[in-house]
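Novice: See start_26.cif below, with mmCIF, C-alpha atoms, pLDDT in the B column; chains and numbers go by the auth columns.
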```
data_upload
#
loop_
_atom_site.group_PDB
_atom_site.id
_atom_site.type_symbol
_atom_site.label_atom_id
_atom_site.label_comp_id
_atom_site.label_asym_id
_atom_site.label_seq_id
_atom_site.Cartn_x
_atom_site.Cartn_y
_atom_site.Cartn_z
_atom_site.B_iso_or_equiv
_atom_site.auth_seq_id
_atom_site.auth_asym_id
ATOM 1 C CA MET A 1 96.837 37.431 84.170 54.00 770 A
ATOM 2 C CA PRO A 2 95.128 40.204 82.172 58.00 771 A
ATOM 3 C CA ARG A 3 97.433 42.873 80.758 56.00 772 A
ATOM 4 C CA ALA A 4 95.721 45.600 82.828 52.00 773 A
ATOM 5 C CA SER A 5 96.359 43.660 86.047 53.00 774 A
ATOM 6 C CA VAL A 6 100.005 43.170 85.130 45.00 775 A
ATOM 7 C CA PHE A 7 100.348 46.906 84.512 46.00 776 A
ATOM 8 C CA VAL A 8 98.719 47.773 87.856 44.00 777 A
ATOM 9 C CA CYS A 9 100.972 45.358 89.746 45.00 778 A
ATOM 10 C CA PHE A 10 104.060 46.728 88.001 45.00 779 A
ATOM 11 C CA PHE A 11 103.011 50.313 88.760 46.00 780 A
ATOM 12 C CA LEU A 12 102.444 49.534 92.448 47.00 781 A
ATOM 13 C CA PHE A 13 105.793 47.723 92.630 45.00 782 A
ATOM 14 C CA ILE A 14 107.680 50.670 91.146 44.00 783 A
ATOM 15 C CA SER A 15 105.806 53.127 93.378 47.00 784 A
ATOM 16 C CA ALA A 16 106.705 51.115 96.474 44.00 785 A
ATOM 17 C CA ILE A 17 110.390 51.029 95.508 41.00 786 A
ATOM 18 C CA THR A 18 110.406 54.764 94.836 44.00 787 A
ATOM 19 C CA ALA A 19 108.731 55.503 98.163 43.00 788 A
ATOM 20 C CA CYS A 20 111.207 53.325 100.029 40.00 789 A
ATOM 21 C CA GLN A 21 114.161 54.954 98.305 40.00 790 A
ATOM 22 C CA LYS A 22 112.817 58.416 99.061 41.00 791 A
ATOM 23 C CA HIS A 23 112.287 57.525 102.710 42.00 792 A
ATOM 24 C CA LYS A 24 115.735 55.996 102.909 45.00 793 A
ATOM 25 C CA THR A 25 117.613 58.949 101.442 46.00 794 A
ATOM 26 C CA GLU A 26 115.515 61.838 102.736 86.00 795 A
ATOM 27 C CA SER A 27 117.535 64.010 105.095 95.00 796 A
ATOM 28 C CA PRO A 28 116.696 67.312 106.789 97.00 797 A
ATOM 29 C CA VAL A 29 120.315 68.388 106.250 97.00 798 A
ATOM 30 C CA PRO A 30 120.428 70.522 103.067 97.00 799 A
ATOM 31 C CA PRO A 31 123.278 69.723 100.649 96.00 800 A
ATOM 32 C CA GLU A 32 124.349 73.376 100.733 97.00 801 A
ATOM 33 C CA SER A 33 125.106 73.164 104.460 98.00 802 A
ATOM 34 C CA ARG A 34 128.853 73.033 105.097 98.00 803 A
ATOM 35 C CA GLN A 35 128.975 73.835 108.822 99.00 804 A
ATOM 36 C CA MET A 36 127.308 71.840 111.573 99.00 805 A
ATOM 37 C CA ILE A 37 127.205 71.960 115.348 99.00 806 A
ATOM 38 C CA VAL A 38 126.164 68.655 116.922 99.00 807 A
ATOM 39 C CA VAL A 39 124.967 68.560 120.538 99.00 808 A
ATOM 40 C CA ILE A 40 124.525 65.110 122.090 99.00 809 A
ATOM 41 C CA THR A 41 122.895 64.231 125.420 99.00 810 A
ATOM 42 C CA PRO A 42 122.663 60.768 127.053 99.00 811 A
ATOM 43 C CA SER A 43 118.842 60.767 126.882 99.00 812 A
ATOM 44 C CA PHE A 44 115.810 63.036 126.465 99.00 813 A
ATOM 45 C CA ASN A 45 115.763 63.730 130.210 99.00 814 A
ATOM 46 C CA GLU A 46 119.384 64.646 130.984 98.00 815 A
ATOM 47 C CA PRO A 47 120.875 68.146 130.583 99.00 816 A
ATOM 48 C CA ASP A 48 124.580 67.295 130.352 98.00 817 A
ATOM 49 C CA ALA A 49 125.812 67.419 126.774 99.00 818 A
ATOM 50 C CA ARG A 50 128.805 67.270 124.463 99.00 819 A
ATOM 51 C CA LEU A 51 129.154 69.708 121.578 99.00 820 A
ATOM 52 C CA PHE A 52 131.014 68.954 118.344 99.00 821 A
ATOM 53 C CA ARG A 53 131.821 71.159 115.335 99.00 822 A
ATOM 54 C CA PHE A 54 132.015 69.890 111.767 98.00 823 A
ATOM 55 C CA GLU A 55 132.757 71.248 108.305 98.00 824 A
ATOM 56 C CA ARG A 56 132.633 69.769 104.813 98.00 825 A
ATOM 57 C CA ALA A 57 133.685 70.949 101.367 96.00 826 A
ATOM 58 C CA GLY A 58 130.300 70.285 99.748 85.00 827 A
ATOM 59 C CA GLY A 59 127.064 68.326 99.846 81.00 828 A
ATOM 60 C CA SER A 60 128.644 65.018 98.812 82.00 829 A
ATOM 61 C CA SER A 61 131.773 65.384 100.959 91.00 830 A
ATOM 62 C CA ASN A 62 132.373 63.779 104.331 95.00 831 A
ATOM 63 C CA TRP A 63 132.027 65.856 107.475 98.00 832 A
ATOM 64 C CA GLN A 64 135.329 66.659 109.210 97.00 833 A
ATOM 65 C CA MET A 65 135.460 67.371 112.928 98.00 834 A
ATOM 66 C CA ILE A 66 136.893 70.742 113.973 98.00 835 A
ATOM 67 C CA GLY A 67 138.712 70.868 117.310 97.00 836 A
ATOM 68 C CA ASP A 68 137.790 68.814 120.360 97.00 837 A
ATOM 69 C CA ALA A 69 134.443 68.011 121.947 98.00 838 A
ATOM 70 C CA ILE A 70 133.125 70.829 124.148 98.00 839 A
ATOM 71 C CA PRO A 71 131.247 70.328 127.449 98.00 840 A
ATOM 72 C CA ALA A 72 127.786 71.908 127.318 99.00 841 A
ATOM 73 C CA ILE A 73 124.363 71.816 128.929 99.00 842 A
ATOM 74 C CA VAL A 74 120.859 71.884 127.478 99.00 843 A
ATOM 75 C CA GLY A 75 117.577 72.735 129.232 99.00 844 A
ATOM 76 C CA LYS A 76 117.331 71.671 132.871 99.00 845 A
ATOM 77 C CA ASN A 77 114.745 69.002 131.932 99.00 846 A
ATOM 78 C CA GLY A 78 116.621 67.733 128.879 99.00 847 A
ATOM 79 C CA LEU A 79 115.364 67.708 125.284 99.00 848 A
ATOM 80 C CA GLY A 80 112.010 67.581 123.472 98.00 849 A
ATOM 81 C CA TRP A 81 111.341 67.439 119.734 98.00 850 A
ATOM 82 C CA GLY A 82 111.361 70.972 118.357 98.00 851 A
ATOM 83 C CA ILE A 83 110.233 72.565 115.093 98.00 852 A
ATOM 84 C CA GLY A 84 113.011 72.916 112.544 98.00 853 A
ATOM 85 C CA LEU A 85 114.124 71.368 109.256 98.00 854 A
ATOM 86 C CA HIS A 86 113.161 67.851 110.377 97.00 855 A
ATOM 87 C CA ASN A 87 109.728 66.284 110.748 93.00 856 A
ATOM 88 C CA LEU A 88 108.439 65.295 114.191 81.00 857 A
ATOM 89 C CA GLN A 89 109.734 61.758 114.533 71.00 858 A
ATOM 90 C CA ASN A 90 107.968 60.162 117.489 80.00 859 A
ATOM 91 C CA ARG A 91 105.061 61.639 119.441 80.00 860 A
ATOM 92 C CA GLU A 92 105.708 59.174 122.250 93.00 861 A
ATOM 93 C CA GLU A 93 108.985 61.000 122.930 97.00 862 A
ATOM 94 C CA PRO A 94 108.979 64.442 124.619 97.00 863 A
ATOM 95 C CA VAL A 95 107.890 67.386 122.447 97.00 864 A
ATOM 96 C CA LYS A 96 109.151 70.891 123.182 98.00 865 A
ATOM 97 C CA GLN A 97 106.536 73.243 124.699 98.00 866 A
ATOM 98 C CA GLU A 98 106.738 76.765 126.100 98.00 867 A
ATOM 99 C CA GLY A 99 108.031 76.771 129.667 98.00 868 A
ATOM 100 C CA ASP A 100 108.824 73.052 129.889 98.00 869 A
ATOM 101 C CA GLY A 101 112.519 73.514 130.674 99.00 870 A
ATOM 102 C CA ARG A 102 113.559 71.473 127.635 99.00 871 A
ATOM 103 C CA SER A 103 115.787 72.413 124.723 99.00 872 A
ATOM 104 C CA PRO A 104 114.530 71.570 121.229 99.00 873 A
ATOM 105 C CA ALA A 105 115.727 68.326 119.640 98.00 874 A
ATOM 106 C CA GLY A 106 116.139 68.076 115.877 98.00 875 A
ATOM 107 C CA VAL A 107 117.864 69.926 113.033 99.00 876 A
ATOM 108 C CA PHE A 108 117.804 73.730 113.017 99.00 877 A
ATOM 109 C CA LYS A 109 119.284 76.639 111.115 99.00 878 A
ATOM 110 C CA LEU A 110 121.552 78.925 113.095 99.00 879 A
ATOM 111 C CA GLY A 111 120.779 82.626 112.819 99.00 880 A
ATOM 112 C CA GLU A 112 122.288 85.839 114.129 99.00 881 A
ATOM 113 C CA ALA A 113 124.926 86.267 116.778 99.00 882 A
ATOM 114 C CA PHE A 114 124.090 88.661 119.596 99.00 883 A
ATOM 115 C CA GLY A 115 125.849 90.276 122.515 98.00 884 A
ATOM 116 C CA TYR A 116 126.570 93.306 124.644 98.00 885 A
ATOM 117 C CA ALA A 117 129.547 94.390 122.526 97.00 886 A
ATOM 118 C CA LEU A 118 128.955 97.244 120.098 98.00 887 A
ATOM 119 C CA ALA A 119 128.449 96.206 116.483 96.00 888 A
ATOM 120 C CA ASP A 120 131.546 98.185 115.437 97.00 889 A
ATOM 121 C CA SER A 121 133.693 95.835 117.510 97.00 890 A
ATOM 122 C CA MET A 122 132.236 92.708 115.857 97.00 891 A
ATOM 123 C CA VAL A 123 132.974 93.518 112.218 96.00 892 A
ATOM 124 C CA GLU A 124 135.033 90.345 111.749 97.00 893 A
ATOM 125 C CA LEU A 125 131.986 88.121 112.258 98.00 894 A
ATOM 126 C CA LYS A 126 130.735 86.171 109.244 99.00 895 A
ATOM 127 C CA ILE A 127 127.141 86.034 110.503 99.00 896 A
ATOM 128 C CA PRO A 128 124.727 88.925 111.211 98.00 897 A
ATOM 129 C CA TYR A 129 125.002 90.515 114.652 99.00 898 A
ATOM 130 C CA ILE A 130 122.408 91.965 117.053 98.00 899 A
ATOM 131 C CA HIS A 131 123.706 94.491 119.565 98.00 900 A
ATOM 132 C CA VAL A 132 121.848 93.780 122.805 98.00 901 A
ATOM 133 C CA ARG A 133 121.083 97.181 124.260 96.00 902 A
ATOM 134 C CA GLU A 134 118.745 98.123 127.090 96.00 903 A
ATOM 135 C CA LEU A 135 115.497 97.907 125.090 96.00 904 A
ATOM 136 C CA VAL A 136 116.174 94.608 123.285 98.00 905 A
ATOM 137 C CA GLU A 137 113.763 91.856 124.337 98.00 906 A
ATOM 138 C CA CYS A 138 112.871 88.351 123.206 98.00 907 A
ATOM 139 C CA VAL A 139 109.108 87.884 123.422 98.00 908 A
ATOM 140 C CA ASP A 140 107.907 84.647 125.054 98.00 909 A
ATOM 141 C CA ASP A 141 104.248 85.662 125.412 98.00 910 A
ATOM 142 C CA GLN A 142 102.486 83.237 123.049 97.00 911 A
ATOM 143 C CA ASP A 143 99.544 85.614 122.618 98.00 912 A
ATOM 144 C CA SER A 144 101.745 88.370 121.203 98.00 913 A
ATOM 145 C CA ARG A 145 102.171 88.905 117.476 97.00 914 A
ATOM 146 C CA PHE A 146 105.899 89.175 118.258 98.00 915 A
ATOM 147 C CA TYR A 147 106.057 85.728 119.911 99.00 916 A
ATOM 148 C CA ASN A 148 109.499 84.131 119.502 99.00 917 A
ATOM 149 C CA GLN A 149 111.048 87.292 118.063 98.00 918 A
ATOM 150 C CA ILE A 150 113.865 89.529 119.249 98.00 919 A
ATOM 151 C CA VAL A 151 112.548 93.082 119.132 98.00 920 A
ATOM 152 C CA GLU A 152 113.539 96.552 120.261 97.00 921 A
ATOM 153 C CA ARG A 153 110.779 97.839 122.518 96.00 922 A
ATOM 154 C CA ASP A 154 111.071 101.390 121.216 94.00 923 A
ATOM 155 C CA GLU A 155 110.902 100.267 117.570 94.00 924 A
ATOM 156 C CA VAL A 156 107.499 98.503 117.596 94.00 925 A
ATOM 157 C CA ASP A 157 104.229 100.358 117.036 93.00 926 A
ATOM 158 C CA SER A 158 102.629 98.873 120.160 93.00 927 A
ATOM 159 C CA VAL A 159 103.803 96.580 122.953 96.00 928 A
ATOM 160 C CA ASP A 160 101.286 93.715 123.054 97.00 929 A
ATOM 161 C CA TRP A 161 103.190 91.257 125.252 98.00 930 A
ATOM 162 C CA GLN A 162 103.004 90.581 128.973 97.00 931 A
ATOM 163 C CA SER A 163 106.138 88.457 129.148 97.00 932 A
ATOM 164 C CA SER A 164 109.580 88.718 127.575 98.00 933 A
ATOM 165 C CA GLU A 165 113.256 88.153 128.221 96.00 934 A
ATOM 166 C CA ARG A 166 114.983 91.489 128.871 96.00 935 A
ATOM 167 C CA MET A 167 118.205 90.386 127.234 97.00 936 A
ATOM 168 C CA TRP A 168 120.190 93.340 128.558 93.00 937 A
ATOM 169 C CA ARG A 169 119.615 91.951 132.061 92.00 938 A
ATOM 170 C CA GLY A 170 120.864 88.494 131.117 90.00 939 A
ATOM 171 C CA LYS A 171 124.263 89.055 132.753 93.00 940 A
ATOM 172 C CA ILE A 172 126.918 86.612 131.544 96.00 941 A
ATOM 173 C CA TRP A 173 124.355 84.361 129.823 97.00 942 A
ATOM 174 C CA TYR A 174 123.467 86.875 127.109 98.00 943 A
ATOM 175 C CA GLU A 175 126.852 88.568 126.951 98.00 944 A
ATOM 176 C CA GLN A 176 127.271 86.602 123.722 98.00 945 A
ATOM 177 C CA GLY A 177 125.292 83.957 121.874 99.00 946 A
ATOM 178 C CA VAL A 178 123.684 82.714 118.667 99.00 947 A
ATOM 179 C CA VAL A 179 120.005 82.424 117.734 99.00 948 A
ATOM 180 C CA VAL A 180 118.685 78.884 117.137 99.00 949 A
ATOM 181 C CA GLU A 181 115.909 79.017 114.537 99.00 950 A
ATOM 182 C CA HIS A 182 113.461 76.793 116.393 99.00 951 A
ATOM 183 C CA ASN A 183 109.736 77.368 115.744 98.00 952 A
ATOM 184 C CA ARG A 184 110.182 79.928 112.963 97.00 953 A
ATOM 185 C CA ASN A 185 108.283 80.561 109.714 92.00 954 A
ATOM 186 C CA PRO A 186 105.569 79.845 110.647 94.00 955 A
ATOM 187 C CA VAL A 187 105.607 80.278 114.402 98.00 956 A
ATOM 188 C CA THR A 188 103.462 77.798 116.346 98.00 957 A
ATOM 189 C CA LYS A 189 101.885 79.269 119.471 98.00 958 A
ATOM 190 C CA GLY A 190 103.150 77.593 122.629 98.00 959 A
ATOM 191 C CA ALA A 191 105.809 75.463 120.905 98.00 960 A
ATOM 192 C CA GLY A 192 108.719 77.236 122.581 99.00 961 A
ATOM 193 C CA SER A 193 110.562 80.501 122.074 99.00 962 A
ATOM 194 C CA CYS A 194 113.803 82.407 122.551 99.00 963 A
ATOM 195 C CA ILE A 195 116.145 79.464 122.033 99.00 964 A
ATOM 196 C CA PHE A 196 119.847 80.307 121.880 99.00 965 A
ATOM 197 C CA LEU A 197 123.370 79.040 122.187 99.00 966 A
ATOM 198 C CA HIS A 198 124.945 81.192 124.908 99.00 967 A
ATOM 199 C CA ASN A 199 127.445 81.427 127.773 99.00 968 A
ATOM 200 C CA TRP A 200 127.073 79.511 130.972 98.00 969 A
ATOM 201 C CA ALA A 201 128.020 80.770 134.431 97.00 970 A
ATOM 202 C CA GLY A 202 129.682 77.426 135.195 94.00 971 A
ATOM 203 C CA GLU A 203 129.330 73.679 134.653 90.00 972 A
ATOM 204 C CA ASP A 204 126.704 73.484 137.420 94.00 973 A
ATOM 205 C CA ASP A 205 124.536 76.089 135.669 97.00 974 A
ATOM 206 C CA SER A 206 121.082 75.322 134.242 97.00 975 A
ATOM 207 C CA THR A 207 118.924 76.804 131.482 98.00 976 A
ATOM 208 C CA SER A 208 115.216 76.977 130.685 98.00 977 A
ATOM 209 C CA GLY A 209 115.712 75.654 127.155 98.00 978 A
ATOM 210 C CA CYS A 210 118.895 77.090 125.700 99.00 979 A
ATOM 211 C CA THR A 211 122.214 75.335 125.120 99.00 980 A
ATOM 212 C CA ALA A 212 125.052 76.836 127.164 99.00 981 A
ATOM 213 C CA MET A 213 128.814 76.443 127.356 99.00 982 A
ATOM 214 C CA ASP A 214 132.010 78.093 128.577 99.00 983 A
ATOM 215 C CA PRO A 215 132.303 81.700 127.309 99.00 984 A
ATOM 216 C CA VAL A 216 135.658 80.956 125.649 99.00 985 A
ATOM 217 C CA ASP A 217 134.071 78.145 123.624 99.00 986 A
ATOM 218 C CA MET A 218 131.048 80.307 122.798 99.00 987 A
ATOM 219 C CA MET A 219 133.233 83.098 121.453 99.00 988 A
ATOM 220 C CA GLU A 220 135.215 80.668 119.295 99.00 989 A
ATOM 221 C CA ILE A 221 131.970 79.330 117.817 99.00 990 A
ATOM 222 C CA ILE A 222 130.642 82.822 117.081 99.00 991 A
ATOM 223 C CA TYR A 223 133.753 83.709 115.097 99.00 992 A
ATOM 224 C CA TRP A 224 133.828 80.309 113.369 99.00 993 A
ATOM 225 C CA LEU A 225 130.258 80.402 112.042 99.00 994 A
ATOM 226 C CA ASP A 226 129.826 81.602 108.463 99.00 995 A
ATOM 227 C CA ALA A 227 126.378 82.439 107.079 99.00 996 A
ATOM 228 C CA ALA A 228 127.585 81.561 103.563 98.00 997 A
ATOM 229 C CA LEU A 229 128.118 77.962 104.725 98.00 998 A
ATOM 230 C CA TYR A 230 124.496 77.521 105.907 98.00 999 A
ATOM 231 C CA PRO A 231 125.367 76.547 109.504 99.00 1000 A
ATOM 232 C CA LEU A 232 123.106 74.069 111.295 99.00 1001 A
ATOM 233 C CA LEU A 233 122.503 72.806 114.809 99.00 1002 A
ATOM 234 C CA VAL A 234 121.753 69.093 115.197 99.00 1003 A
ATOM 235 C CA GLN A 235 120.704 68.422 118.790 99.00 1004 A
ATOM 236 C CA LEU A 236 119.653 64.920 119.822 99.00 1005 A
ATOM 237 C CA PRO A 237 119.928 62.271 122.539 98.00 1006 A
ATOM 238 C CA GLU A 238 122.669 59.807 121.625 98.00 1007 A
ATOM 239 C CA PRO A 239 120.318 56.827 120.976 97.00 1008 A
ATOM 240 C CA VAL A 240 118.219 58.992 118.627 97.00 1009 A
ATOM 241 C CA TYR A 241 121.348 60.272 116.891 98.00 1010 A
ATOM 242 C CA ARG A 242 122.368 56.672 116.201 97.00 1011 A
ATOM 243 C CA ARG A 243 118.840 55.943 114.927 96.00 1012 A
ATOM 244 C CA PHE A 244 119.007 58.671 112.282 97.00 1013 A
ATOM 245 C CA LYS A 245 122.740 58.875 111.583 97.00 1014 A
ATOM 246 C CA ASN A 246 122.624 57.049 108.256 96.00 1015 A
ATOM 247 C CA SER A 247 119.275 58.230 106.882 96.00 1016 A
ATOM 248 C CA TRP A 248 120.030 61.852 107.832 97.00 1017 A
ATOM 249 C CA GLU A 249 123.655 61.516 106.648 96.00 1018 A
ATOM 250 C CA LEU A 250 125.052 62.801 109.935 98.00 1019 A
ATOM 251 C CA PRO A 251 128.751 62.789 110.865 98.00 1020 A
ATOM 252 C CA ALA A 252 130.319 60.095 113.015 96.00 1021 A
ATOM 253 C CA ILE A 253 130.683 61.089 116.667 94.00 1022 A
ATOM 254 C CA LYS A 254 133.737 60.112 118.668 81.00 1023 A
ATOM 255 C CA LYS A 255 133.147 58.495 122.039 72.00 1024 A
#
```
In structure tokens, what does this structure look like?
Specialist:
Amino acid sequence: MPRASVFVCFFLFISAITACQKHKTESPVPPESRQMIVVITPSFNEPDARLFRFERAGGSSNWQMIGDAIPAIVGKNGLGWGIGLHNLQNREEPVKQEGDGRSPAGVFKLGEAFGYALADSMVELKIPYIHVRELVECVDDQDSRFYNQIVERDEVDSVDWQSSERMWRGKIWYEQGVVVEHNRNPVTKGAGSCIFLHNWAGEDDSTSGCTAMDPVDMMEIIYWLDAALYPLLVQLPEPVYRRFKNSWELPAIKK
């Protein structure tokens, strides 16, 4: 075989190995993340869920479960692939859209806490806090330049939305919660908005796309989260979690 052909074959062989290794080890979970909330549902179409908390000492350390599993619910129609740190994995599976009643599936950063309590009473939090007052809204109008943002109506130069969540009117649901950074930076029109972890009114409750739980559990999570530990939400149906557990380096889930 000519030397040039040998070189080309060798180059292609090495490239294939490198690509396989990259695909095998690539994970949407950043090594700097040391806190993780995992939410597992039976399938893409079921809202009942279990929530687990994990911590680790560093990027190469094993995840350690914190406390017991927590009962939770996701959107009334289940899950659909959202936009986060992961890539869209399978277009044949449901994909999150505005108004579809699904919570986003995937890996997401967790952002600010929010609630009705005054900021002065939440100084022990280790994540930023948004005081939900009367004029705080989350914009779900996909034609607005504020789509998928929490804004104060009296702080914007012009109100260009026709639809929003008046968070002050959210009763127990928005009494306390945490922002899930789905569909952020850049924002995709119509891909879903205003996704949170928040209180439920009871186990028989339902949501339009958020993940809800008992208020006692929600409060414990809010005080546990630490922005310095790069907290994440991993939210998946159990079969999909098993599919990506090793390649995404996810923690083991107890039955």
Novice: Show me a table, sorted first by chain and then by increasing residue number, of the residues of range 802-906 of chain A having an atom at most 10 Å from range 958-967 of chain A, each with its shortest atom pair and the distance in Å to one decimal, counting all atoms listed in the file and written as a tab-separated table.
Specialist:
```
residue	atom	partner	partner_atom	distance
A:Ala841	CA	A:Leu966	CA	9.8
A:Ile842	CA	A:Leu966	CA	9.9
A:Val843	CA	A:Leu966	CA	9.2
A:Gly844	CA	A:Ile964	CA	10.0
A:Trp850	CA	A:Ala960	CA	9.8
A:Gly851	CA	A:Ala960	CA	7.6
A:Ile852	CA	A:Ala960	CA	7.9
A:Val864	CA	A:Ala960	CA	8.5
A:Lys865	CA	A:Ala960	CA	6.1
A:Gln866	CA	A:Ala960	CA	4.5
A:Glu867	CA	A:Gly961	CA	4.1
A:Gly868	CA	A:Gly961	CA	7.1
A:Asp869	CA	A:Gly961	CA	8.4
A:Gly870	CA	A:Gly961	CA	9.7
A:Arg871	CA	A:Gly961	CA	9.1
A:Ser872	CA	A:Ile964	CA	7.6
A:Pro873	CA	A:Ile964	CA	8.1
A:Leu879	CA	A:Phe965	CA	9.1
A:Gly880	CA	A:Phe965	CA	9.4
A:Glu881	CA	A:Phe965	CA	9.8
A:Ala882	CA	A:Leu966	CA	9.2
A:Phe883	CA	A:His967	CA	9.2
A:Gly884	CA	A:His967	CA	9.4
A:Glu906	CA	A:Cys963	CA	9.6
```
Novice: For the atom pair CA of Val908 in chain A and CA of Ser933 in chain A, what is the interatomic distance in Å to one decimal place?
Specialist: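 Calculated distance between CA of Val908 in chain A and CA of Ser933 in chain A is 4.3 Å.
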Novice: Grab the CA of Ser913 in chain A to CA of Val928 in chain A distance for me, in Å with one decimal place.
Specialist: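 Distance reported for this atom pair: 8.6 Å.
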Novice: Would you mind telling me which residue in A:Arg922, A:Lys1024, A:Arg935, A:Lys940 lies nearest to Trp969 in chain A when using all atoms listed in the file?
Specialist: A:Lys940
Novice: With the PyMOL selection byres ((chain A and resi 1013) around 12) as the selection, what would be picked from this file? Answer as a ChimeraX atom specification, please.
Specialist: /A:792-798,855,858,875-876,1003-1012,1014-1021
Novice: Let me know the residues the PyMOL selection byres ((chain A and resi 992) around 12) catches in the file above, as a list in words.
Specialist: Glu881, Ala882, Phe883, Met891, Val892, Glu893, Leu894, Lys895, Ile896, Pro897, Tyr898, Gln945, Gly946, Val947, Val985, Asp986, Met987, Met988, Glu989, Ile990, Ile991, Trp993, Leu994, Asp995 and Ala996 of chain A
Novice: What would the selection look like, as an NGL selection string, if the PyMOL selection byres ((chain A and resi 919) around 6) were run on the coordinates I just shared?
Specialist: :A and (906-907 or 918 or 920)
Novice: In Å, how far is it from CA of Arg825 in chain A to CA of Ser802 in chain A?
Specialist: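 These atoms are spaced 8.3 Å apart.
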Novice: When you count all atoms listed in the file, which of these residues is closest to Asp923 in chain A: A:Asp889, A:Asp909, A:Asp817, A:Glu903?
Specialist: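 Ranked by minimum distance to Asp923 in chain A, first place goes to A:Glu903.
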Novice: Name all residues at most 6 Å from range 820-822 of chain A (count all atoms listed in the file; drop same-chain ones fewer than 3 positions away) and give them as a PyMOL selection string.
Specialist: chain A and resi 805-808+834-835+838-839
Novice: Could you list, as a PyMOL selection string, every residue within 8 Å of Gly853 in chain A, counting only C-alpha atoms and ignoring same-chain residues fewer than 3 positions away?
Specialist: chain A and resi 856+875-878+950-953
Novice: Per residue of range 834-874 of chain A within 9 Å of range 810-813 of chain A, note the shortest atom pair and the distance in Å to one decimal, counting only C-alpha atoms, and order the rows by chain and increasing residue number, as a Markdown table.
Specialist:
```
| residue | atom | partner | partner_atom | distance |
| --- | --- | --- | --- | --- |
| A:Ile842 | CA | A:Thr810 | CA | 8.5 |
| A:Val843 | CA | A:Thr810 | CA | 8.2 |
| A:Asn846 | CA | A:Phe813 | CA | 8.2 |
| A:Gly847 | CA | A:Phe813 | CA | 5.3 |
| A:Leu848 | CA | A:Phe813 | CA | 4.8 |
| A:Gly849 | CA | A:Phe813 | CA | 6.6 |
| A:Glu862 | CA | A:Phe813 | CA | 8.0 |
| A:Pro863 | CA | A:Phe813 | CA | 7.2 |
| A:Arg871 | CA | A:Phe813 | CA | 8.8 |
| A:Ala874 | CA | A:Phe813 | CA | 8.6 |
```
Novice: Using the block above, I'd like range 851-892 of chain A written out, keeping C-alpha atoms and formatting it as a PDB file, in the first residue's frame.
Specialist:
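Listing of decode-v4.pdb after writing:
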```
ATOM      1  CA  GLY A 851     -36.447  21.252  26.919  1.00  0.00           C
ATOM      2  CA  ILE A 852     -33.595  23.640  26.128  1.00  0.00           C
ATOM      3  CA  GLY A 853     -30.799  23.552  28.681  1.00  0.00           C
ATOM      4  CA  LEU A 854     -27.219  22.317  28.999  1.00  0.00           C
ATOM      5  CA  HIS A 855     -27.955  19.124  27.045  1.00  0.00           C
ATOM      6  CA  ASN A 856     -28.522  18.638  23.328  1.00  0.00           C
ATOM      7  CA  LEU A 857     -31.928  17.523  22.042  1.00  0.00           C
ATOM      8  CA  GLN A 858     -31.621  13.755  22.158  1.00  0.00           C
ATOM      9  CA  ASN A 859     -34.522  12.299  20.193  1.00  0.00           C
ATOM     10  CA  ARG A 860     -36.997  14.240  18.060  1.00  0.00           C
ATOM     11  CA  GLU A 861     -39.341  11.258  18.085  1.00  0.00           C
ATOM     12  CA  GLU A 862     -39.862  11.857  21.814  1.00  0.00           C
ATOM     13  CA  PRO A 863     -41.995  14.800  23.031  1.00  0.00           C
ATOM     14  CA  VAL A 864     -40.398  18.259  22.788  1.00  0.00           C
ATOM     15  CA  LYS A 865     -41.448  21.036  25.153  1.00  0.00           C
ATOM     16  CA  GLN A 866     -43.580  23.781  23.546  1.00  0.00           C
ATOM     17  CA  GLU A 867     -45.416  26.785  24.964  1.00  0.00           C
ATOM     18  CA  GLY A 868     -48.766  25.796  26.445  1.00  0.00           C
ATOM     19  CA  ASP A 869     -48.378  22.030  26.020  1.00  0.00           C
ATOM     20  CA  GLY A 870     -48.763  21.206  29.715  1.00  0.00           C
ATOM     21  CA  ARG A 871     -45.370  19.488  29.825  1.00  0.00           C
ATOM     22  CA  SER A 872     -42.365  20.181  32.021  1.00  0.00           C
ATOM     23  CA  PRO A 873     -38.968  20.363  30.312  1.00  0.00           C
ATOM     24  CA  ALA A 874     -36.815  17.226  30.289  1.00  0.00           C
ATOM     25  CA  GLY A 875     -33.030  17.500  30.328  1.00  0.00           C
ATOM     26  CA  VAL A 876     -30.280  19.188  32.344  1.00  0.00           C
ATOM     27  CA  PHE A 877     -30.793  22.775  33.503  1.00  0.00           C
ATOM     28  CA  LYS A 878     -29.143  25.373  35.695  1.00  0.00           C
ATOM     29  CA  LEU A 879     -31.128  26.491  38.711  1.00  0.00           C
ATOM     30  CA  GLY A 880     -31.458  30.242  39.146  1.00  0.00           C
ATOM     31  CA  GLU A 881     -33.004  32.573  41.694  1.00  0.00           C
ATOM     32  CA  ALA A 882     -35.347  31.724  44.514  1.00  0.00           C
ATOM     33  CA  PHE A 883     -38.547  33.747  44.693  1.00  0.00           C
ATOM     34  CA  GLY A 884     -41.424  34.233  47.083  1.00  0.00           C
ATOM     35  CA  TYR A 885     -43.845  36.495  48.886  1.00  0.00           C
ATOM     36  CA  ALA A 886     -41.550  36.962  51.893  1.00  0.00           C
ATOM     37  CA  LEU A 887     -39.627  40.227  52.071  1.00  0.00           C
ATOM     38  CA  ALA A 888     -35.993  40.018  51.001  1.00  0.00           C
ATOM     39  CA  ASP A 889     -34.860  41.106  54.484  1.00  0.00           C
ATOM     40  CA  SER A 890     -36.314  37.899  55.910  1.00  0.00           C
ATOM     41  CA  MET A 891     -34.436  35.691  53.414  1.00  0.00           C
ATOM     42  CA  VAL A 892     -30.881  36.839  54.108  1.00  0.00           C
TER      43      VAL A 892
END
```
